[in-house]
>>> print(open('work_39.cif').read())   # mmCIF, C-alpha atoms and all ligand atoms
data_query
loop_
_atom_site.label_atom_id
_atom_site.label_comp_id
_atom_site.auth_asym_id
_atom_site.auth_seq_id
_atom_site.Cartn_x
_atom_site.Cartn_y
_atom_site.Cartn_z
CA MET A 1164 -120.68 46.43 -18.71
CA VAL A 1165 -120.13 42.82 -19.74
CA GLU A 1166 -119.31 43.84 -23.31
CA ASN A 1167 -116.89 46.41 -22.01
CA THR A 1168 -115.11 43.87 -19.88
CA ILE A 1169 -114.90 41.40 -22.75
CA GLU A 1170 -113.57 44.13 -25.00
CA LYS A 1171 -111.03 45.05 -22.36
CA LEU A 1172 -109.87 41.43 -22.11
CA ARG A 1173 -109.49 41.15 -25.88
CA SER A 1174 -107.43 44.29 -26.14
CA LEU A 1175 -105.28 43.19 -23.19
CA ARG A 1176 -104.73 39.91 -25.03
CA ALA A 1177 -103.61 41.64 -28.22
CA GLU A 1178 -101.39 44.02 -26.27
CA ALA A 1179 -99.82 41.22 -24.24
CA LEU A 1180 -99.22 38.96 -27.24
CA GLN A 1181 -97.38 41.77 -28.95
CA LYS A 1182 -95.18 42.39 -25.92
CA ILE A 1183 -94.51 38.66 -25.63
CA SER A 1184 -93.25 38.41 -29.17
CA ALA A 1185 -91.20 41.61 -28.70
CA ALA A 1186 -89.41 40.27 -25.58
CA LYS A 1187 -85.70 39.81 -26.26
CA THR A 1188 -84.63 38.19 -23.01
CA SER A 1189 -86.26 35.86 -20.54
CA ASP A 1190 -86.11 38.68 -17.97
CA GLN A 1191 -88.11 40.94 -20.25
CA LEU A 1192 -90.55 38.11 -20.85
CA GLU A 1193 -90.96 37.60 -17.13
CA SER A 1194 -91.91 41.24 -16.62
CA VAL A 1195 -94.56 40.90 -19.34
CA ARG A 1196 -95.95 37.89 -17.48
CA VAL A 1197 -96.05 39.81 -14.21
CA GLU A 1198 -97.62 42.82 -15.94
CA TYR A 1199 -100.57 40.79 -17.28
CA LEU A 1200 -100.86 37.52 -15.37
CA GLY A 1201 -99.23 38.39 -12.03
CA LYS A 1202 -101.38 38.67 -8.88
CA LYS A 1203 -101.80 42.38 -9.43
CA GLY A 1204 -101.52 42.09 -13.22
CA LYS A 1205 -103.86 43.68 -15.72
CA VAL A 1206 -105.81 40.49 -16.52
CA SER A 1207 -106.11 39.60 -12.86
CA GLU A 1208 -107.48 43.10 -12.18
CA VAL A 1209 -110.29 42.51 -14.67
CA LEU A 1210 -111.04 39.16 -13.11
CA ALA A 1211 -111.21 40.73 -9.67
CA ALA A 1212 -114.05 42.90 -10.92
CA LEU A 1213 -116.07 39.76 -11.82
CA LYS A 1214 -117.48 39.52 -8.34
CA ASP A 1215 -119.67 42.59 -9.04
CA LEU A 1216 -121.38 40.84 -11.98
CA ASP A 1217 -124.42 38.60 -11.97
CA ALA A 1218 -123.97 34.88 -12.30
CA ASP A 1219 -124.68 34.76 -16.04
CA SER A 1220 -122.26 37.49 -16.98
CA ARG A 1221 -119.68 36.05 -14.60
CA LYS A 1222 -119.83 32.77 -16.50
CA LYS A 1223 -119.42 34.48 -19.87
CA VAL A 1224 -116.57 36.74 -18.85
CA GLY A 1225 -115.00 33.93 -16.85
CA GLN A 1226 -114.87 31.71 -19.90
CA ILE A 1227 -113.25 34.39 -22.05
CA SER A 1228 -110.80 35.39 -19.40
CA ASN A 1229 -109.73 31.77 -18.97
CA GLU A 1230 -109.19 31.60 -22.70
CA VAL A 1231 -107.13 34.81 -22.65
CA LYS A 1232 -105.13 33.50 -19.72
CA SER A 1233 -104.32 30.22 -21.37
CA VAL A 1234 -103.43 31.86 -24.70
CA LEU A 1235 -101.03 34.19 -22.90
CA GLU A 1236 -99.60 31.38 -20.78
CA ASP A 1237 -98.97 29.26 -23.89
CA GLY A 1238 -97.38 32.20 -25.67
CA ILE A 1239 -95.17 32.98 -22.69
CA SER A 1240 -94.05 29.41 -22.18
CA SER A 1241 -93.14 28.75 -25.81
CA THR A 1242 -91.34 32.11 -26.09
CA ARG A 1243 -89.53 31.36 -22.84
CA ASP A 1244 -88.28 28.05 -24.27
CA GLN A 1245 -86.94 29.81 -27.34
CA LEU A 1246 -85.29 32.61 -25.39
CA GLN A 1247 -83.69 30.24 -22.90
CA GLN A 1248 -82.35 28.12 -25.71
CA SER A 1249 -80.72 31.04 -27.46
CA GLU A 1250 -79.40 32.43 -24.17
CA MET A 1251 -77.79 29.06 -23.45
CA ASP A 1252 -76.31 28.94 -26.94
CA ALA A 1253 -74.79 32.37 -26.42
CA GLU A 1254 -73.39 31.32 -23.04
CA LEU A 1255 -71.84 28.18 -24.51
CA LYS A 1256 -70.35 30.12 -27.36
CA LYS A 1257 -68.65 32.45 -24.91
CA ASP A 1258 -66.89 29.55 -23.13
CA SER A 1259 -66.20 27.53 -26.23
CA LEU A 1260 -62.75 26.37 -27.27
CA ASP A 1261 -60.97 28.53 -29.79
CA SER A 1262 -58.94 25.97 -31.66
CA THR A 1263 -56.97 28.68 -33.44
CA ALA A 1264 -55.69 30.29 -30.20
CA PRO A 1265 -51.97 29.70 -29.51
CA GLY A 1266 -51.39 26.96 -26.93
CA ILE A 1267 -49.67 27.10 -23.53
CA THR A 1268 -46.46 25.09 -23.58
CA TYR A 1269 -46.09 22.53 -20.81
CA PHE A 1270 -42.64 21.20 -19.99
CA ARG A 1271 -42.15 17.70 -18.75
CA GLY A 1272 -40.10 17.48 -15.59
CA LYS A 1273 -36.62 15.99 -15.88
CA ILE A 1274 -34.22 14.32 -13.54
CA HIS A 1275 -31.60 16.85 -12.38
CA PRO A 1276 -28.37 16.47 -14.42
CA ILE A 1277 -26.33 15.65 -11.30
CA ARG A 1278 -28.76 12.88 -10.38
CA GLN A 1279 -28.63 11.52 -13.94
CA VAL A 1280 -24.84 11.42 -13.92
CA LEU A 1281 -24.81 9.91 -10.42
CA ARG A 1282 -27.21 7.16 -11.47
CA GLU A 1283 -25.17 6.38 -14.55
CA ALA A 1284 -21.95 6.23 -12.56
CA ILE A 1285 -23.57 3.96 -9.96
CA SER A 1286 -24.81 1.54 -12.59
CA ILE A 1287 -21.42 1.32 -14.31
CA LEU A 1288 -19.72 0.63 -10.97
CA GLU A 1289 -22.36 -2.02 -10.28
CA LEU A 1290 -21.27 -3.71 -13.52
CA ALA A 1291 -17.76 -3.66 -12.07
CA GLY A 1292 -19.06 -5.56 -9.04
CA LEU A 1293 -19.34 -2.74 -6.50
CA SER A 1294 -22.67 -2.63 -4.68
CA ALA A 1295 -24.00 0.61 -3.25
CA ALA A 1296 -23.47 1.33 0.45
CA TYR A 1297 -24.61 4.44 2.28
CA GLY A 1298 -23.49 6.37 5.33
CA PRO A 1299 -24.89 9.41 7.16
CA GLU A 1300 -24.12 12.95 6.05
CA VAL A 1301 -23.78 13.99 9.69
CA GLU A 1302 -20.82 11.79 10.58
CA PHE A 1303 -18.60 11.08 13.57
CA GLU A 1304 -15.46 13.20 13.31
CA ASP A 1305 -13.66 10.01 14.29
CA TYR A 1306 -14.91 8.19 11.15
CA CYS A 1307 -14.39 11.18 8.87
CA PHE A 1308 -10.79 11.77 9.97
CA ASP A 1309 -9.21 9.80 12.84
CA LYS A 1310 -9.94 6.28 11.66
CA LEU A 1311 -8.85 7.36 8.17
CA ASN A 1312 -5.41 8.14 9.59
CA PHE A 1313 -5.73 11.92 9.66
CA LYS A 1314 -3.51 12.68 12.68
CA PRO A 1315 -4.83 15.26 15.19
CA GLY A 1316 -3.71 18.70 14.11
CA HIS A 1317 -2.45 17.32 10.81
CA ALA A 1318 -2.65 19.83 7.96
CA ALA A 1319 -4.73 17.37 5.91
CA ARG A 1320 -7.64 18.00 8.26
CA ASP A 1321 -7.64 21.67 7.29
CA MET A 1322 -7.39 20.76 3.62
CA GLN A 1323 -11.06 19.83 3.85
CA ALA A 1324 -12.65 22.99 5.26
CA THR A 1325 -14.93 21.21 7.70
CA PHE A 1326 -18.38 22.15 8.98
CA PHE A 1327 -18.45 21.08 12.62
CA VAL A 1328 -21.77 20.16 14.23
CA LYS A 1329 -22.58 21.43 17.75
CA THR A 1330 -22.91 18.53 20.16
CA ASP A 1331 -23.61 18.12 23.87
CA GLU A 1332 -20.65 18.06 26.28
CA GLY A 1333 -19.14 14.60 26.30
CA ALA A 1334 -20.97 13.44 23.13
CA LYS A 1335 -18.90 12.09 20.25
CA PRO A 1336 -17.91 15.05 18.03
CA LEU A 1337 -19.86 15.29 14.78
CA VAL A 1338 -19.11 16.91 11.42
CA LEU A 1339 -20.86 17.21 8.09
CA ARG A 1340 -18.83 14.62 6.22
CA THR A 1341 -16.23 16.28 4.01
CA HIS A 1342 -15.90 13.17 1.83
CA THR A 1343 -17.52 9.76 1.33
CA SER A 1344 -14.43 7.97 2.69
CA PRO A 1345 -15.99 7.43 6.16
CA VAL A 1346 -18.25 4.87 4.45
CA GLN A 1347 -15.04 2.85 4.02
CA VAL A 1348 -14.67 2.93 7.80
CA ARG A 1349 -18.29 1.87 8.30
CA SER A 1350 -17.97 -1.03 5.85
CA LEU A 1351 -14.73 -2.21 7.46
CA LEU A 1352 -16.22 -2.00 10.98
CA THR A 1353 -19.39 -3.85 9.94
CA ALA A 1354 -17.52 -6.61 8.10
CA ALA A 1355 -15.15 -6.98 11.09
CA LYS A 1356 -18.15 -7.42 13.37
CA ASN A 1357 -19.59 -10.02 10.96
CA ASN A 1358 -16.68 -12.40 11.39
CA PHE A 1359 -14.40 -10.49 9.02
CA THR A 1360 -16.42 -11.51 6.00
CA LEU A 1361 -14.59 -11.04 2.70
CA PRO A 1362 -14.57 -9.78 0.06
CA ILE A 1363 -15.79 -6.23 0.62
CA ARG A 1364 -16.72 -4.59 -2.68
CA ILE A 1365 -18.70 -1.39 -2.25
CA GLN A 1366 -19.34 1.95 -3.82
CA ALA A 1367 -20.59 4.81 -1.65
CA PRO A 1368 -22.38 7.60 -3.52
CA GLY A 1369 -23.63 10.65 -1.64
CA ARG A 1370 -23.50 14.25 -0.56
CA VAL A 1371 -20.48 15.82 1.10
CA TYR A 1372 -19.93 19.28 2.56
CA ARG A 1373 -17.04 21.75 2.65
CA MET A 1374 -16.71 25.45 3.45
CA ASP A 1375 -16.02 26.34 -0.16
CA ASP A 1376 -17.89 28.37 -2.74
CA ASP A 1377 -16.63 29.43 -6.18
CA SER A 1378 -16.95 28.46 -9.84
CA THR A 1379 -15.42 25.03 -9.21
CA HIS A 1380 -16.27 24.46 -5.52
CA ALA A 1381 -19.65 24.33 -3.80
CA PRO A 1382 -20.44 23.97 -0.07
CA MET A 1383 -22.37 20.79 -0.91
CA PHE A 1384 -21.42 18.40 -3.65
CA HIS A 1385 -21.47 14.69 -4.44
CA GLN A 1386 -18.79 12.04 -4.38
CA ILE A 1387 -18.61 8.36 -5.16
CA GLU A 1388 -16.27 6.25 -3.15
CA GLY A 1389 -15.05 2.80 -4.12
CA LEU A 1390 -13.60 0.18 -1.79
CA ALA A 1391 -12.51 -3.41 -2.40
CA VAL A 1392 -10.91 -5.55 0.28
CA ASP A 1393 -9.78 -9.16 0.01
CA THR A 1394 -6.93 -11.42 1.01
CA SER A 1395 -5.25 -10.25 -2.17
CA SER A 1396 -6.09 -6.95 -3.87
CA THR A 1397 -3.77 -5.02 -6.11
CA MET A 1398 -3.30 -1.61 -7.62
CA GLY A 1399 -3.62 -3.39 -10.96
CA ASP A 1400 -7.20 -4.39 -10.05
CA LEU A 1401 -7.91 -0.78 -9.07
CA ARG A 1402 -6.58 0.43 -12.40
CA ALA A 1403 -8.66 -2.09 -14.32
CA VAL A 1404 -11.86 -1.04 -12.54
CA LEU A 1405 -11.21 2.67 -13.10
CA ASP A 1406 -10.23 2.05 -16.72
CA PHE A 1407 -13.51 0.15 -17.22
CA PHE A 1408 -15.46 2.89 -15.47
CA PHE A 1409 -14.08 5.89 -17.36
CA ARG A 1410 -14.28 4.23 -20.78
CA LYS A 1411 -17.92 3.40 -20.21
CA PHE A 1412 -18.70 6.74 -18.61
CA PHE A 1413 -17.01 8.96 -21.22
CA ASP A 1414 -15.97 7.03 -24.30
CA GLN A 1415 -14.19 3.79 -25.12
CA SER A 1416 -11.27 5.81 -26.49
CA VAL A 1417 -10.33 7.51 -23.18
CA LYS A 1418 -7.12 6.52 -21.46
CA ILE A 1419 -6.31 6.88 -17.78
CA ARG A 1420 -3.07 7.49 -15.93
CA PHE A 1421 -2.02 7.42 -12.29
CA ARG A 1422 0.20 10.14 -10.80
CA PRO A 1423 1.82 9.71 -7.38
CA SER A 1424 0.02 11.69 -4.69
CA TYR A 1425 -0.74 11.77 -0.99
CA PHE A 1426 -3.83 10.87 1.04
CA PRO A 1427 -3.60 9.91 4.72
CA PHE A 1428 -5.77 6.80 4.22
CA THR A 1429 -3.96 5.25 1.24
CA GLU A 1430 -0.41 4.11 0.61
CA PRO A 1431 0.64 4.35 -2.12
CA SER A 1432 -1.73 7.11 -3.27
CA ALA A 1433 -2.47 8.34 -6.75
CA GLU A 1434 -4.32 11.08 -8.59
CA VAL A 1435 -6.21 9.62 -11.52
CA ASP A 1436 -6.30 11.54 -14.83
CA VAL A 1437 -8.32 10.82 -17.97
CA SER A 1438 -7.18 11.84 -21.43
CA CYS A 1439 -8.91 15.14 -22.25
CA VAL A 1440 -12.45 14.42 -23.43
CA PHE A 1441 -12.67 17.79 -25.21
CA CYS A 1442 -9.57 17.87 -27.43
CA ALA A 1443 -8.49 14.20 -27.68
CA GLN A 1444 -5.19 15.36 -26.14
CA LYS A 1445 -4.43 17.97 -28.80
CA GLY A 1446 -4.40 20.56 -26.01
CA CYS A 1447 -7.22 22.92 -25.04
CA ARG A 1448 -8.30 25.37 -22.37
CA VAL A 1449 -10.01 22.72 -20.25
CA CYS A 1450 -6.94 20.47 -19.95
CA LYS A 1451 -4.68 23.54 -19.84
CA GLN A 1452 -2.83 22.21 -22.91
CA SER A 1453 -1.71 19.15 -20.94
CA GLY A 1454 -4.02 16.62 -22.62
CA TRP A 1455 -5.01 15.22 -19.20
CA ILE A 1456 -7.79 16.00 -16.73
CA GLU A 1457 -7.76 15.00 -13.06
CA VAL A 1458 -10.88 13.06 -12.11
CA ALA A 1459 -10.24 10.99 -8.98
CA GLY A 1460 -8.06 10.17 -6.02
CA ALA A 1461 -7.15 6.55 -5.34
CA GLY A 1462 -4.74 4.19 -3.66
CA MET A 1463 -4.19 1.10 -1.54
CA VAL A 1464 -5.93 1.11 1.84
CA HIS A 1465 -3.43 2.27 4.49
CA PRO A 1466 -2.46 -0.32 7.15
CA GLU A 1467 -3.39 2.25 9.84
CA VAL A 1468 -6.95 2.34 8.48
CA PHE A 1469 -7.25 -1.45 8.65
CA GLU A 1470 -5.94 -1.42 12.19
CA ALA A 1471 -8.23 1.42 13.31
CA CYS A 1472 -11.18 -0.64 12.04
CA GLY A 1473 -10.09 -3.86 13.76
CA TRP A 1474 -8.45 -5.66 10.85
CA ASP A 1475 -5.00 -7.23 10.70
CA PRO A 1476 -3.24 -5.37 7.86
CA LYS A 1477 -0.96 -8.36 7.32
CA LYS A 1478 -3.90 -10.54 6.36
CA VAL A 1479 -5.83 -8.26 3.99
CA GLN A 1480 -5.30 -5.83 1.17
CA GLY A 1481 -7.61 -3.25 -0.29
CA TRP A 1482 -7.87 -0.51 -2.82
CA ALA A 1483 -10.04 2.60 -2.77
CA PHE A 1484 -10.96 5.57 -4.89
CA GLY A 1485 -13.02 8.70 -4.58
CA MET A 1486 -14.33 11.03 -7.24
CA GLY A 1487 -16.42 14.19 -7.49
CA VAL A 1488 -19.72 13.75 -9.30
CA GLU A 1489 -20.17 17.45 -10.23
CA ARG A 1490 -16.76 17.41 -11.85
CA LEU A 1491 -17.65 14.29 -13.84
CA ALA A 1492 -20.93 15.95 -14.86
CA MET A 1493 -19.19 19.17 -15.97
CA LEU A 1494 -16.84 17.14 -18.17
CA LYS A 1495 -19.53 14.86 -19.52
CA LEU A 1496 -22.11 17.59 -20.24
CA GLY A 1497 -19.65 20.36 -21.11
CA VAL A 1498 -20.91 22.60 -18.31
CA PRO A 1499 -18.36 25.36 -17.64
CA ASP A 1500 -19.49 26.54 -14.19
CA LEU A 1501 -20.33 24.29 -11.26
CA ARG A 1502 -22.84 26.81 -9.90
CA LEU A 1503 -25.20 26.11 -12.81
CA PHE A 1504 -26.01 22.80 -11.14
CA PHE A 1505 -27.26 24.54 -8.00
CA GLU A 1506 -28.96 27.70 -9.29
CA ASN A 1507 -32.04 25.85 -10.58
CA ARG A 1508 -32.30 28.12 -13.60
CA MET A 1509 -35.12 26.67 -15.71
CA SER A 1510 -33.39 27.27 -19.05
CA PHE A 1511 -30.43 25.19 -17.85
CA LEU A 1512 -32.53 22.42 -16.32
CA ARG A 1513 -34.76 22.14 -19.40
CA GLY A 1514 -31.69 21.64 -21.55
CA ALA A 1515 -30.78 18.60 -19.45
CA ARG A 1516 -31.05 15.27 -21.21
N1 LIG A 1601 -11.59 11.38 0.09
C1 LIG A 1601 -10.73 12.07 -0.85
C2 LIG A 1601 -11.19 13.50 -0.99
O1 LIG A 1601 -12.31 13.79 -0.78
C3 LIG A 1601 -10.75 11.39 -2.19
C4 LIG A 1601 -10.13 10.04 -2.17
C5 LIG A 1601 -8.79 9.91 -2.46
C6 LIG A 1601 -10.86 8.92 -1.83
C7 LIG A 1601 -8.20 8.67 -2.46
C8 LIG A 1601 -10.27 7.67 -1.82
C9 LIG A 1601 -8.92 7.57 -2.13
O2 LIG A 1601 -10.93 6.54 -1.51
O3 LIG A 1601 -8.34 6.34 -2.13
O4 LIG A 1601 -10.39 14.33 -1.35
#
>>> encode(input="work_39.cif", output="structure tokens", more="lines below")
Ligand code: DAH
Amino acid sequence: MVENTIEKLRSLRAEALQKISAAKTSDQLESVRVEYLGKKGKVSEVLAALKDLDADSRKKVGQISNEVKSVLEDGISSTRDQLQQSEMDAELKKDSLDSTAPGITYFRGKIHPIRQVLREAISILELAGLSAAYGPEVEFEDYCFDKLNFKPGHAARDMQATFFVKTDEGAKPLVLRTHTSPVQVRSLLTAAKNNFTLPIRIQAPGRVYRMDDDSTHAPMFHQIEGLAVDTSSTMGDLRAVLDFFFRKFFDQSVKIRFRPSYFPFTEPSAEVDVSCVFCAQKGCRVCKQSGWIEVAGAGMVHPEVFEACGWDPKKVQGWAFGMGVERLAMLKLGVPDLRLFFENRMSFLRGAR
């Protein structure tokens, strides 16, 4: 009986050791452990039978079974270490970096071309002594038109297809500003309130809105306004500032010219042209063979505007100009269609400087 049990233990040992070394995964190894050393395992079964033996035999068998147990435990634990190591290696290999795989291209964000051109224009005008002033995009109709000498019902009001803003009965009528010129009104009113402080030298960059939408007009676009007021201010000064601006903005070789025009808030008024930046005045499609491109409106501040803002037109003079930023950007960047600036097409935006 004792010999049989010992024999049984030895053969279980051999059998188990073989299965341990054959295990290919730690799961397989674990089932071998359960099969032999688990509570209901084969070795445990033999040990359970010990209680039927006499004390002497129990001691003998007990000793051997402890040996078998510890041999199997050692075998299992060292095999488990090996298996776990190689399983981890395999796992790491799966997630490892393939340095030959093609990369994903990341694009750096860029400032929108309109914003770039606006910033450049602002900084050139700063060099010319005009500091930035801002007004609201939702503006009093009075500031947008009346105080700028647009007479009620005057055709010039319709020229700028206006978005009107709904207001409460009796509230001051509001519009989305159709131009940046109301910032002239705001600057004149503020300076008048501050003891008529002179000189006024401002530029007003910002968004404006008109009911327009085609390849050269958008319902929202940007303008920059200029205004200089002093006891003496001349059209010659205006010309010098614009000449300085356009040479710096486009190229030192550009020339400018003034053509007589009409705006309600200036007298005299002028359209400002630059020599064509595409053909150096040889004649091309952009300048329609004329050699000149219109880029701004300008003039001397109208006496009615001074009066509407509380100034005595006999004591002060001023000049003003206004220009469209999208138009400047199209000319500077050679962009043929205004809508490209608003479509947010990635290929276009990535090409931006
Ligand atoms: N506000 C005019 C427009 O949007 C542009 C303009 C013309 C502004 C002449 C001026 C100016 O300051 O003097 O069409």
>>> atom_distance(input="work_39.cif", atom1="atom CA of Ser1233 of chain A", atom2="atom CA of Arg1176 of chain A")
10.4 Å
>>> closest_atom_pairs(input="work_39.cif", of="segment 1371-1435 of chain A", to="segment 1336-1346 of chain A", cutoff="6 Å", atoms="all atoms listed in the file", output="JSON lines")
{"residue": "A:Val1371", "atom": "CA", "partner": "A:Thr1341", "partner_atom": "CA", "distance": 5.2}
{"residue": "A:Tyr1372", "atom": "CA", "partner": "A:Thr1341", "partner_atom": "CA", "distance": 5.0}
{"residue": "A:Arg1373", "atom": "CA", "partner": "A:Thr1341", "partner_atom": "CA", "distance": 5.7}
{"residue": "A:Glu1388", "atom": "CA", "partner": "A:Thr1343", "partner_atom": "CA", "distance": 5.8}
>>> residues_near_ligand(input="work_39.cif", ligand="ligand LIG 1601 (chain A)", cutoff="8 Å", atoms="all atoms listed in the file", output="MDAnalysis selection string")
chainID A and resid 1323 1341:1344 1347 1386 1388:1390 1426 1428:1429 1432:1434 1459:1464 1482:1487
>>> axis_aligned_box(input="work_39.cif", around="segment 1394-1412 of chain A", padding_each_side="4 Å", output="JSON")
{"center_x": -11.0, "center_y": -2.3, "center_z": -9.9, "size_x": 23.4, "size_y": 26.2, "size_z": 29.8}
>>> closest_residue(input="work_39.cif", among="A:Arg1448, A:Lys1335, A:Lys1232, A:Arg1508", to="Phe1303 of chain A", atoms="all atoms listed in the file")
A:Lys1335
>>> residues_around(input="work_39.cif", residues="segment 1419-1422 of chain A", least_positions_apart="6", cutoff="8 Å", atoms="only C-alpha atoms", output="ChimeraX atom specification")
/A:1405-1406,1409,1433-1438
>>> atom_distance(input="work_39.cif", atom1="atom CA of Phe1504 of chain A", atom2="atom CA of Val1328 of chain A")
25.9 Å
>>> closest_residue(input="work_39.cif", among="A:Lys1222, A:Leu1216, A:Trp1455, A:Ser1189", to="Arg1243 of chain A", atoms="all atoms listed in the file")
A:Ser1189
>>> closest_residue(input="work_39.cif", among="A:His1465, A:His1275, A:Arg1410, A:Lys1203", to="Lys1477 of chain A", atoms="all atoms listed in the file")
A:His1465
>>> build_atoms(input="work_39.cif", residues="segment 1239-1261 of chain A", atoms="N, CA and C atoms", output="CSV table (one decimal), in the coordinates of the input")
chain,number,residue,atom,x,y,z
A,1239,ILE,N,-96.3,32.7,-23.5
A,1239,ILE,CA,-95.2,33.0,-22.7
A,1239,ILE,C,-94.3,31.7,-22.6
A,1240,SER,N,-94.9,30.6,-22.4
A,1240,SER,CA,-94.0,29.4,-22.2
A,1240,SER,C,-93.3,29.0,-23.4
A,1241,SER,N,-93.9,29.1,-24.6
A,1241,SER,CA,-93.1,28.8,-25.8
A,1241,SER,C,-92.1,29.8,-26.1
A,1242,THR,N,-92.4,31.1,-25.9
A,1242,THR,CA,-91.3,32.1,-26.1
A,1242,THR,C,-90.2,31.9,-25.1
A,1243,ARG,N,-90.6,31.6,-23.8
A,1243,ARG,CA,-89.5,31.4,-22.8
A,1243,ARG,C,-88.6,30.2,-23.3
A,1244,ASP,N,-89.1,29.2,-23.8
A,1244,ASP,CA,-88.3,28.0,-24.3
A,1244,ASP,C,-87.3,28.6,-25.3
A,1245,GLN,N,-87.8,29.3,-26.3
A,1245,GLN,CA,-86.9,29.8,-27.3
A,1245,GLN,C,-85.8,30.7,-26.8
A,1246,LEU,N,-86.3,31.7,-25.9
A,1246,LEU,CA,-85.3,32.6,-25.4
A,1246,LEU,C,-84.2,31.9,-24.6
A,1247,GLN,N,-84.7,30.9,-23.7
A,1247,GLN,CA,-83.7,30.2,-22.9
A,1247,GLN,C,-82.7,29.5,-23.8
A,1248,GLN,N,-83.2,28.9,-24.8
A,1248,GLN,CA,-82.4,28.1,-25.7
A,1248,GLN,C,-81.3,29.0,-26.3
A,1249,SER,N,-81.7,30.2,-26.8
A,1249,SER,CA,-80.7,31.0,-27.5
A,1249,SER,C,-79.8,31.7,-26.4
A,1250,GLU,N,-80.3,31.9,-25.2
A,1250,GLU,CA,-79.4,32.4,-24.2
A,1250,GLU,C,-78.3,31.4,-23.8
A,1251,MET,N,-78.7,30.1,-23.8
A,1251,MET,CA,-77.8,29.1,-23.4
A,1251,MET,C,-76.7,28.9,-24.6
A,1252,ASP,N,-77.3,29.0,-25.8
A,1252,ASP,CA,-76.3,28.9,-26.9
A,1252,ASP,C,-75.3,30.0,-26.8
A,1253,ALA,N,-75.7,31.3,-26.5
A,1253,ALA,CA,-74.8,32.4,-26.4
A,1253,ALA,C,-73.8,32.1,-25.3
A,1254,GLU,N,-74.3,31.6,-24.2
A,1254,GLU,CA,-73.4,31.3,-23.0
A,1254,GLU,C,-72.3,30.3,-23.4
A,1255,LEU,N,-72.8,29.2,-24.1
A,1255,LEU,CA,-71.8,28.2,-24.5
A,1255,LEU,C,-70.8,28.7,-25.5
A,1256,LYS,N,-71.3,29.6,-26.4
A,1256,LYS,CA,-70.4,30.1,-27.4
A,1256,LYS,C,-69.2,30.9,-26.7
A,1257,LYS,N,-69.6,31.6,-25.6
A,1257,LYS,CA,-68.6,32.4,-24.9
A,1257,LYS,C,-67.5,31.6,-24.3
A,1258,ASP,N,-67.9,30.4,-23.8
A,1258,ASP,CA,-66.9,29.6,-23.1
A,1258,ASP,C,-66.3,28.5,-24.1
A,1259,SER,N,-66.6,28.6,-25.3
A,1259,SER,CA,-66.2,27.5,-26.2
A,1259,SER,C,-64.7,27.6,-26.5
A,1260,LEU,N,-64.2,26.5,-27.0
A,1260,LEU,CA,-62.8,26.4,-27.3
A,1260,LEU,C,-62.4,27.0,-28.6
A,1261,ASP,N,-61.4,27.9,-28.5
A,1261,ASP,CA,-61.0,28.5,-29.8
A,1261,ASP,C,-59.8,27.7,-30.3
